[in-house]
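Inspection log for the structure reproduced underneath, given as C-alpha cells.
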Amino acid sequence: MVILCAVIAGVLSLVGGIILVAQKNAEKLAGYAAAFAAGALLATVAFDLLPHIGHEEGHEPFLLVLAGILVFFLLELILNHTSKEKRMAPLIVISDFIHNIIDGAVIAAGFLISVPTGVLMTLTVVAHEVPHEVGDFGLLLHHGVSRKRTLLFNALSAACMVVAAGLFFAFGEQNAISTSWLLGLASGFFLYVAFHVLLDIHHAGSRKAIWAKTGFMFGGLIIVGLIIEILGH
C-alpha cells in the first residue's frame, strides 16, 4: 500500500507538472495551485502531524521541526544565490531529489500511523508537488536543459520518492526510526514550504490576484482540515 501510494503520488505530480507547463498561463495556474497547497500543508501539520508526535520522545521531534525549516531554507539559499549560472541546473536537480526523498518519508510516516493518515499524506504530497514540478520544469528549461533530460531528471526524482517511502516504512516498522522524529521533520518541511508560498502571495501582483490566491489558500486549509476530521472519526 505504501509503495502504491508513493507511485501514484509520483506519477500524478509528474503528469500534473507536465500538463501545467504545457499551458499558456502555466506560471499563473501554478501560483493558484501553490496557494491551495499551502493551505493543505498548514492543515495537515496543525490537525494531523503535530498531534501524533509522541510526548515520550521529549523535545527532539520539535527540534526536528526547526531542523526541517532550516535545512530547506539553506537549500533554497544555495539554489538562489549560487554565483555561477552553470551550477544552477545541478543544484535544482539535487534539491528536487532531496525534496522527493522527504516526501517519501512523509508518506511512510503517515502509513506508520494508520492507512487513512497515509492516504491523506499522499494527497497532501501531490497537492504541493504539482506546483513544485512546474517550477522545476521551468527552471531547468530556462537554464538550457533539454525537455528530454528535464523529463528524465524529474522521473528519476519521482522514483526516489517511491524508494524512500519503502525504506522509511520498513525501518519504521522495525522501530529503527522513530515515527515522531519523521513527523517532526515532515512538519518543519511542510511549514517552510507553506510559509514560503504565503510570502509569495503578498507579491502576487494585483490586489485581485492577492485576494484570489488567499481564497485558494483558505480553501485548501478548510477542505483538508475537514477531510482530516472526517477520517479521524
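Here, A, B, ... name the chains of the C-alpha cells in the order displayed, residue numbers run from 1 inside each chain, and ligands are numbered from 1 in the same displayed order.
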
Produce a table with one row for each residue of stretch 113-193 of chain A that has an atom at most 12 Å from any atom of stretch 209-221 of chain A, each row naming the nearest atom pair and its distance in Å at one decimal; use only C-alpha atoms; arrange rows by chain and rising residue number; format as a tab-separated table.
```
residue	atom	partner	partner_atom	distance
A:Leu123	CA	A:Gly220	CA	11.6
A:Thr124	CA	A:Gly220	CA	9.9
A:Ala127	CA	A:Gly220	CA	9.2
A:His128	CA	A:Gly220	CA	10.7
```

Write out as a ChimeraX atom specification each polymer residue whose atoms come within 12 Å of A:Glu229, counting only C-alpha atoms; drop sequence neighbours fewer than 4 positions from it.
/A:43-44,46-48,116-117,120,222-225,233

Could you write out the selected residues, including C-alpha atoms, as a JSON list (two decimals), in the first residue's frame?
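What follows is the written file result_32.json:
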```json
[["chain", "number", "residue", "atom", "x", "y", "z"],
["A", 43, "ALA", "CA", -3.99, 21.96, 7.85],
["A", 44, "THR", "CA", -2.00, 18.73, 7.66],
["A", 46, "ALA", "CA", -1.83, 21.51, 12.57],
["A", 47, "PHE", "CA", -4.54, 18.84, 12.58],
["A", 48, "ASP", "CA", -2.68, 15.62, 11.78],
["A", 116, "PRO", "CA", -6.20, 6.87, 6.40],
["A", 117, "THR", "CA", -3.33, 9.11, 7.57],
["A", 120, "LEU", "CA", -4.01, 11.84, 3.49],
["A", 222, "ILE", "CA", -10.64, 24.24, 5.17],
["A", 223, "ILE", "CA", -11.04, 21.33, 2.75],
["A", 224, "VAL", "CA", -8.06, 19.35, 4.04],
["A", 225, "GLY", "CA", -8.94, 20.21, 7.63],
["A", 233, "HIS", "CA", -13.87, 9.92, 13.12]]
```

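Closest to A:Ile102 among A:Val145, A:Leu42, A:Ala33, A:Met121 is A:Met121, based on only C-alpha atoms.
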
Which of these, A:Ile101, A:Leu198, A:Leu50, A:Val119, has the shortest distance to A:Val162 once you count only C-alpha atoms?
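When distances to A:Val162 are compared using only C-alpha atoms, the smallest one comes from A:Ile101.
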
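The closest residue to A:Ala158, picked from A:Arg207, A:His196, A:His202, A:His99 and counting only C-alpha atoms, is A:His99.
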
Stretch 105-110 of chain A environment, 8 Å, only C-alpha atoms, sequence neighbours closer than 4 positions dropped, as a VMD selection string:
chain A and resid 2 5 to 6 101 114 to 115 117 to 122 125 161 164 to 166 168 to 169 172 179 182 to 183 186

Show which residues sit within 12 Å of A:Leu156, as a PDB file with C-alpha atoms, in the first residue's frame. Count only C-alpha atoms, and ignore same-chain residues fewer than 2 positions away.
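Contents of selection.pdb, as written:
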```pdb
ATOM      1  CA  VAL A   7       3.974   5.579  -7.074  1.00  0.00           C
ATOM      2  CA  GLY A  10       4.992  10.471  -8.114  1.00  0.00           C
ATOM      3  CA  VAL A  11       3.039   9.863 -11.317  1.00  0.00           C
ATOM      4  CA  LEU A  14       4.894  14.408 -12.748  1.00  0.00           C
ATOM      5  CA  VAL A  93      18.109  18.551  -9.632  1.00  0.00           C
ATOM      6  CA  ILE A  94      19.786  17.820  -6.261  1.00  0.00           C
ATOM      7  CA  ASP A  96      14.370  18.125  -6.177  1.00  0.00           C
ATOM      8  CA  PHE A  97      15.827  14.713  -5.275  1.00  0.00           C
ATOM      9  CA  ILE A  98      16.132  15.702  -1.604  1.00  0.00           C
ATOM     10  CA  ASN A 100      11.152  13.955  -3.021  1.00  0.00           C
ATOM     11  CA  ILE A 101      13.060  11.819  -0.525  1.00  0.00           C
ATOM     12  CA  ARG A 149      16.596  15.472 -19.910  1.00  0.00           C
ATOM     13  CA  THR A 150      14.230  17.576 -17.810  1.00  0.00           C
ATOM     14  CA  LEU A 151      11.592  14.856 -18.015  1.00  0.00           C
ATOM     15  CA  LEU A 152      14.196  12.171 -17.194  1.00  0.00           C
ATOM     16  CA  PHE A 153      15.502  14.054 -14.140  1.00  0.00           C
ATOM     17  CA  ASN A 154      12.012  14.591 -12.786  1.00  0.00           C
ATOM     18  CA  ALA A 158       9.786  10.783  -8.504  1.00  0.00           C
ATOM     19  CA  ALA A 159      11.297   7.276  -8.337  1.00  0.00           C
ATOM     20  CA  CYS A 160      13.358   8.430  -5.338  1.00  0.00           C
ATOM     21  CA  MET A 161      10.102   9.215  -3.546  1.00  0.00           C
ATOM     22  CA  VAL A 162       8.945   5.630  -4.031  1.00  0.00           C
ATOM     23  CA  VAL A 163      12.230   4.134  -2.820  1.00  0.00           C
TER      24      VAL A 163
END
```
